[in-house]
>>> print(open('model-v2.cif').read())   # mmCIF, C-alpha atoms
data_final
loop_
_atom_site.label_atom_id
_atom_site.label_comp_id
_atom_site.auth_asym_id
_atom_site.auth_seq_id
_atom_site.Cartn_x
_atom_site.Cartn_y
_atom_site.Cartn_z
CA MET H 1 0.00 0.00 0.00
CA ASP H 2 1.35 3.40 -1.02
CA ILE H 3 0.10 6.56 0.77
CA GLN H 4 0.87 9.95 -0.79
CA PRO H 5 -0.36 13.17 0.91
CA ILE H 6 -2.29 15.59 -1.29
CA THR H 7 -1.38 18.62 0.86
CA PRO H 8 0.44 18.93 4.19
CA THR H 9 -2.88 19.75 5.87
CA ILE H 10 -5.48 17.42 4.40
CA GLY H 11 -5.94 14.49 2.05
CA ALA H 12 -3.99 11.47 0.83
CA GLU H 13 -4.12 9.19 -2.20
CA ILE H 14 -3.76 5.49 -1.42
CA SER H 15 -2.77 3.09 -4.18
CA GLU H 16 -1.95 -0.60 -4.46
CA VAL H 17 -5.00 -1.62 -2.45
CA ASN H 18 -8.25 -3.40 -3.32
CA LEU H 19 -11.11 -2.21 -1.11
CA ALA H 20 -13.13 -5.31 -2.01
CA ALA H 21 -10.54 -7.63 -0.45
CA LEU H 22 -8.83 -5.97 2.52
CA ASP H 23 -6.77 -7.93 5.00
CA SER H 24 -6.47 -6.84 8.62
CA SER H 25 -3.12 -5.08 8.20
CA SER H 26 -4.36 -3.08 5.20
CA PHE H 27 -7.48 -2.02 7.08
CA ALA H 28 -5.38 -0.95 10.08
CA ALA H 29 -3.20 1.16 7.77
CA ILE H 30 -6.30 2.79 6.26
CA GLU H 31 -7.65 3.57 9.75
CA ASP H 32 -4.36 5.23 10.69
CA ALA H 33 -4.25 7.21 7.45
CA PHE H 34 -7.88 8.29 7.91
CA LEU H 35 -7.14 9.79 11.32
CA LYS H 36 -4.00 11.51 10.03
CA HIS H 37 -5.17 12.81 6.64
CA HIS H 38 -8.98 13.11 7.10
CA VAL H 39 -9.66 12.51 3.38
CA LEU H 40 -8.57 9.34 1.54
CA VAL H 41 -8.66 8.79 -2.23
CA PHE H 42 -8.67 5.28 -3.74
CA ARG H 43 -8.59 5.09 -7.55
CA ASP H 44 -9.35 2.23 -9.95
CA GLN H 45 -11.72 0.42 -7.60
CA ILE H 46 -14.29 -1.98 -9.05
CA LEU H 47 -16.95 -2.48 -6.38
CA THR H 48 -20.40 -3.97 -6.29
CA ARG H 49 -22.92 -2.21 -4.09
CA ASP H 50 -22.50 -4.90 -1.45
CA GLN H 51 -18.70 -4.53 -1.51
CA HIS H 52 -19.08 -0.76 -1.16
CA LYS H 53 -21.36 -1.25 1.84
CA ASN H 54 -19.10 -3.90 3.36
CA PHE H 55 -16.15 -1.50 3.24
CA GLY H 56 -18.24 1.06 5.11
CA ARG H 57 -19.32 -1.52 7.69
CA LEU H 58 -15.69 -2.11 8.62
CA PHE H 59 -15.89 1.30 10.33
CA GLY H 60 -19.34 0.92 11.90
CA GLU H 61 -23.08 0.75 11.31
CA LEU H 62 -24.29 2.34 8.09
CA HIS H 63 -26.28 5.55 8.38
CA ILE H 64 -29.78 5.75 6.87
CA HIS H 65 -30.39 9.14 5.28
CA PRO H 66 -33.40 11.01 6.75
CA SER H 67 -35.06 11.24 3.34
CA LYS H 68 -35.20 7.42 3.32
CA ARG H 69 -36.58 7.24 6.86
CA ASN H 70 -39.45 9.64 6.25
CA GLY H 71 -40.49 8.25 2.87
CA MET H 72 -39.26 11.13 0.69
CA ASN H 73 -36.95 8.74 -1.15
CA GLN H 74 -37.63 5.07 -1.93
CA GLU H 75 -34.14 4.07 -3.10
CA ASP H 76 -31.86 1.64 -1.25
CA PRO H 77 -31.88 3.04 2.32
CA GLU H 78 -28.15 2.46 2.82
CA LEU H 79 -27.14 4.31 -0.35
CA PHE H 80 -27.34 7.99 -1.25
CA ILE H 81 -27.38 8.39 -5.03
CA VAL H 82 -25.61 11.37 -6.61
CA ASN H 83 -26.95 11.46 -10.17
CA THR H 84 -26.37 14.81 -11.87
CA LYS H 85 -27.91 15.04 -15.33
CA PRO H 86 -26.42 17.09 -18.20
CA ASP H 87 -29.15 19.74 -17.89
CA ALA H 88 -29.03 19.97 -14.06
CA LYS H 89 -29.10 23.44 -12.50
CA LEU H 90 -28.16 22.09 -9.05
CA THR H 91 -26.20 19.16 -7.71
CA ASN H 92 -25.86 17.54 -4.30
CA GLY H 93 -23.35 19.20 -2.00
CA GLU H 94 -22.84 22.38 -3.97
CA ALA H 95 -22.17 24.45 -0.83
CA TRP H 96 -19.58 23.92 1.90
CA HIS H 97 -21.06 21.50 4.45
CA SER H 98 -20.72 18.31 6.42
CA ASP H 99 -23.31 15.67 5.60
CA VAL H 100 -26.59 15.89 7.54
CA SER H 101 -25.06 17.60 10.57
CA CYS H 102 -28.68 18.15 11.64
CA GLU H 103 -28.89 14.54 12.85
CA GLU H 104 -28.84 13.85 16.60
CA ILE H 105 -25.90 11.57 15.80
CA PRO H 106 -24.40 12.70 12.47
CA PRO H 107 -22.39 10.30 10.29
CA MET H 108 -18.75 9.93 11.29
CA ALA H 109 -17.64 9.21 7.72
CA SER H 110 -18.89 9.39 4.16
CA ILE H 111 -17.63 7.10 1.39
CA LEU H 112 -18.48 8.22 -2.17
CA TYR H 113 -17.88 5.90 -5.15
CA VAL H 114 -17.99 7.80 -8.45
CA THR H 115 -18.27 5.67 -11.58
CA ARG H 116 -19.12 8.33 -14.19
CA CYS H 117 -17.26 11.61 -14.48
CA PRO H 118 -17.99 14.59 -16.75
CA GLU H 119 -16.15 14.33 -20.06
CA ASN H 120 -15.10 17.98 -19.80
CA GLY H 121 -12.93 17.17 -16.78
CA GLY H 122 -15.12 19.08 -14.29
CA GLY H 123 -16.88 17.94 -11.15
CA ASP H 124 -14.03 18.19 -8.63
CA THR H 125 -14.74 18.18 -4.89
CA MET H 126 -13.09 20.55 -2.40
CA PHE H 127 -12.41 19.49 1.19
CA ALA H 128 -11.51 21.62 4.22
CA ASN H 129 -9.85 20.55 7.47
CA MET H 130 -11.96 22.03 10.28
CA HIS H 131 -9.30 21.23 12.89
CA ALA H 132 -7.03 23.60 10.97
CA ALA H 133 -9.87 26.11 10.52
CA PHE H 134 -10.23 26.33 14.30
CA ALA H 135 -6.48 26.35 14.97
CA GLU H 136 -6.01 29.40 12.72
CA LEU H 137 -8.42 31.52 14.77
CA SER H 138 -7.05 33.94 17.34
CA SER H 139 -6.99 32.65 20.91
CA GLU H 140 -9.58 35.28 21.82
CA LEU H 141 -12.01 34.07 19.16
CA GLN H 142 -11.35 30.45 20.07
CA GLN H 143 -12.26 31.17 23.69
CA LEU H 144 -15.43 32.96 22.58
CA LEU H 145 -16.59 29.93 20.56
CA ILE H 146 -15.60 27.15 22.97
CA GLY H 147 -18.53 26.06 25.11
CA LYS H 148 -21.20 27.40 22.78
CA THR H 149 -23.75 25.29 20.93
CA ALA H 150 -25.18 25.72 17.44
CA TYR H 151 -28.61 24.72 16.19
CA HIS H 152 -28.66 22.57 13.03
CA ASP H 153 -31.90 22.42 11.02
CA GLY H 154 -32.22 20.02 8.09
CA GLU H 155 -34.99 22.04 6.48
CA ILE H 156 -32.45 24.76 5.66
CA ASP H 157 -30.76 22.36 3.25
CA LEU H 158 -34.08 21.20 1.79
CA ARG H 159 -35.09 24.79 1.08
CA ASN H 160 -31.80 25.35 -0.76
CA TYR H 161 -32.98 22.72 -3.24
CA GLY H 162 -36.56 23.99 -3.40
CA ILE H 163 -37.94 21.10 -1.35
CA ARG H 164 -40.77 21.54 1.17
CA LEU H 165 -41.92 18.88 3.60
CA ARG H 166 -45.41 17.51 3.11
CA ASP H 167 -47.90 17.01 5.93
CA GLY H 168 -46.68 14.27 8.23
CA GLN H 169 -43.06 14.44 7.08
CA THR H 170 -40.30 15.49 9.43
CA TYR H 171 -36.59 16.20 9.07
CA PRO H 172 -33.90 16.19 11.78
CA LYS H 173 -32.99 19.16 13.94
CA ALA H 174 -30.34 19.10 16.67
CA SER H 175 -28.09 21.23 18.85
CA HIS H 176 -24.39 20.40 18.77
CA PRO H 177 -21.25 21.88 20.34
CA LEU H 178 -19.82 24.58 18.11
CA ILE H 179 -16.35 23.28 18.99
CA PRO H 180 -16.42 19.52 19.60
CA ALA H 181 -13.50 17.29 20.49
CA HIS H 182 -12.67 14.59 17.95
CA PRO H 183 -13.42 11.24 19.64
CA LYS H 184 -10.20 9.63 18.35
CA SER H 185 -7.63 12.42 18.64
CA GLY H 186 -9.27 14.70 21.22
CA LYS H 187 -8.45 17.70 19.01
CA PRO H 188 -10.96 20.56 18.68
CA TYR H 189 -12.65 21.38 15.38
CA LEU H 190 -15.21 23.85 14.09
CA PHE H 191 -18.63 22.25 13.60
CA ALA H 192 -20.93 24.67 11.79
CA ASN H 193 -21.84 24.95 8.12
CA GLY H 194 -24.09 27.08 5.97
CA SER H 195 -26.17 24.18 4.66
CA PHE H 196 -27.50 23.06 8.04
CA THR H 197 -26.52 25.45 10.84
CA SER H 198 -29.23 27.95 11.75
CA HIS H 199 -27.61 29.94 14.55
CA ILE H 200 -25.34 29.92 17.57
CA GLU H 201 -27.49 29.52 20.65
CA GLY H 202 -27.49 31.87 23.62
CA ILE H 203 -26.40 35.06 21.84
CA PRO H 204 -28.33 37.65 19.79
CA ARG H 205 -29.14 36.50 16.28
CA TRP H 206 -27.21 39.34 14.65
CA GLU H 207 -24.08 38.36 16.57
CA SER H 208 -24.60 34.75 15.54
CA ASP H 209 -25.01 35.73 11.89
CA MET H 210 -21.88 37.87 12.00
CA LEU H 211 -19.76 35.12 13.54
CA LEU H 212 -21.07 32.30 11.36
CA GLN H 213 -20.82 34.20 8.10
CA GLY H 214 -17.24 35.17 8.92
CA LEU H 215 -16.33 31.58 9.75
CA TYR H 216 -17.98 30.25 6.58
CA GLN H 217 -16.22 32.81 4.39
CA ARG H 218 -12.86 32.03 5.98
CA THR H 219 -13.34 28.29 5.40
CA ALA H 220 -14.32 28.81 1.76
CA THR H 221 -11.48 31.19 0.91
CA ASN H 222 -8.55 29.69 2.85
CA PRO H 223 -6.56 27.34 0.58
CA ARG H 224 -4.15 26.47 3.41
CA ILE H 225 -6.77 24.22 5.00
CA GLN H 226 -8.14 22.75 1.74
CA CYS H 227 -7.44 20.08 -0.82
CA ARG H 228 -9.07 19.51 -4.20
CA VAL H 229 -9.86 16.03 -5.49
CA LYS H 230 -10.21 15.46 -9.24
CA TRP H 231 -12.43 12.47 -9.86
CA THR H 232 -11.65 9.73 -12.35
CA PRO H 233 -14.03 6.84 -13.09
CA ASN H 234 -14.18 4.18 -10.35
CA THR H 235 -12.70 6.38 -7.64
CA VAL H 236 -13.66 6.04 -3.96
CA VAL H 237 -13.19 9.02 -1.64
CA MET H 238 -13.69 8.64 2.11
CA TRP H 239 -13.74 11.65 4.42
CA ASP H 240 -14.16 12.31 8.13
CA ASN H 241 -17.60 13.91 8.23
CA ARG H 242 -16.99 15.22 11.74
CA SER H 243 -13.91 17.34 11.14
CA VAL H 244 -14.09 17.90 7.37
CA GLN H 245 -16.37 20.02 5.22
CA HIS H 246 -16.70 19.50 1.48
CA HIS H 247 -18.00 21.35 -1.56
CA ALA H 248 -19.00 19.73 -4.87
CA ILE H 249 -18.18 21.96 -7.83
CA LEU H 250 -20.84 22.15 -10.56
CA ASP H 251 -18.71 23.23 -13.53
CA TYR H 252 -19.81 20.63 -16.06
CA ALA H 253 -23.02 21.92 -17.64
CA GLY H 254 -24.00 19.62 -20.49
CA PHE H 255 -22.29 16.60 -18.95
CA ALA H 256 -23.34 13.96 -16.42
CA ARG H 257 -21.85 12.71 -13.16
CA TYR H 258 -22.88 9.62 -11.20
CA GLY H 259 -21.84 8.26 -7.81
CA GLU H 260 -23.16 6.36 -4.82
CA ARG H 261 -22.41 7.19 -1.20
CA VAL H 262 -22.57 5.20 1.97
CA SER H 263 -22.16 6.91 5.33
CA VAL H 264 -21.06 5.44 8.64
CA LEU H 265 -23.03 6.28 11.75
CA ASP H 266 -21.02 7.63 14.66
CA SER H 267 -21.19 5.84 18.00
CA GLU H 268 -22.21 8.96 19.97
CA ARG H 269 -23.25 12.59 19.67
CA PRO H 270 -20.53 15.23 19.24
CA ARG H 271 -18.99 16.15 22.61
CA ALA H 272 -17.83 19.62 23.52
CA PHE H 273 -14.11 20.34 23.62
CA HIS H 274 -12.80 21.35 27.05
CA PRO H 275 -9.31 22.89 27.15
CA THR H 276 -6.97 21.30 29.68
#
>>> encode(input="model-v2.cif", output="structure tokens")
Amino acid sequence: MDIQPITPTIGAEISEVNLAALDSSSFAAIEDAFLKHHVLVFRDQILTRDQHKNFGRLFGELHIHPSKRNGMNQEDPELFIVNTKPDAKLTNGEAWHSDVSCEEIPPMASILYVTRCPENGGGDTMFANMHAAFAELSSELQQLLIGKTAYHDGEIDLRNYGIRLRDGQTYPKASHPLIPAHPKSGKPYLFANGSFTSHIEGIPRWESDMLLQGLYQRTATNPRIQCRVKWTPNTVVMWDNRSVQHHAILDYAGFARYGERVSVLDSERPRAFHPT
């Protein structure tokens, strides 16, 4: 197995490995690389849906997307389909976010398998290390944010895509620490995103808006904490959904893109970071 970092801050490409037939030592190496690099890229993988799911299950129970639980979507409950048509005006994940952070227990990891890429070479995905995003803040701003909670509302994301809930349908809402501690490393990270986070709780709304918009803008415009993954057919990308945000770039009008994602449920809710 060969592991090559994409940037010093985030991301690694792993070659000479078959995700459909991992031995224990290879899986242990992937686990270590996942904690260190946060985003892992595996190219030239030929996986059935069951093999894709089985790789995810090595890390934990598979997450069921809320649209599958409430009947909005009748597809395979353990898969989230990303099927962007040539005439699409929107695509999944087109804003910086972490997947369904509105869940009481959000996914700890997402694993996207892309089998069709746009022929024009577009459709890259950007990733941002939210440990690094927090570490770059001044100590004064860090202390202001530590201990606060933010309210995440899934209907914000639905509205971005023009979707309204019907009578009887619900979508998750949850309060989470604004600065959680990563359960494996103990390191703090920023956990708020424009797709799901409504506001910081316990302060005036205008102050919340000012802080969140500044944090979002800094994440989106700070290349030091980012990496960019160019997809090729049959590529698997796995990212830490707790401490990483991502942004799918829709720059391939007239072309199609297809992928399938499984997500791994975390074992517990995000826990607040407490400085020692």
>>> atom_distance(input="model-v2.cif", atom1="atom CA of H:His176", atom2="atom CA of H:Arg228")
27.6 Å
>>> closest_residue(input="model-v2.cif", among="H:Arg205, H:His199, H:Pro275, H:Tyr113", to="H:Ser139", atoms="all atoms listed in the file")
H:Pro275
>>> resolve_selection(input="model-v2.cif", expression="the PyMOL selection byres ((chain H and resi 255) around 12)", output="list in words")
Asn83, Thr84, Lys85, Pro86, Asp87, Ala88, Lys89, Arg116, Cys117, Pro118, Glu119, Asn120, Gly121, Gly122, Gly123, Leu250, Asp251, Tyr252, Ala253, Gly254, Ala256, Arg257 and Tyr258 of chain H
>>> closest_residue(input="model-v2.cif", among="H:Ser101, H:Asn18, H:Thr235, H:Asn193", to="H:Lys173", atoms="all atoms listed in the file")
H:Ser101
>>> atom_distance(input="model-v2.cif", atom1="atom CA of H:Ala220", atom2="atom CA of H:Asp44")
29.5 Å
>>> resolve_selection(input="model-v2.cif", expression="the PyMOL selection byres ((chain H and resi 266-273) around 12)", output="ChimeraX atom specification")
/H:56-57,59-64,101-110,131,134,142-143,145-150,174-191,240-243,263-265,274-276
>>> atom_distance(input="model-v2.cif", atom1="atom CA of H:Gly71", atom2="atom CA of H:Leu90")
22.0 Å
>>> resolve_selection(input="model-v2.cif", expression="the PyMOL selection byres ((chain H and resi 1-3) around 9)", output="VMD selection string")
chain H and resid 4 to 5 12 to 17 26 29 33
>>> closest_residue(input="model-v2.cif", among="H:Thr9, H:Thr197, H:Asn73, H:Asn234", to="H:Arg43", atoms="all atoms listed in the file")
H:Asn234
>>> closest_residue(input="model-v2.cif", among="H:Met238, H:Met72, H:Leu215, H:Ile249", to="H:Leu165", atoms="all atoms listed in the file")
H:Met72
>>> closest_residue(input="model-v2.cif", among="H:Thr219, H:Val237, H:His38, H:Cys227", to="H:Leu137", atoms="all atoms listed in the file")
H:Thr219
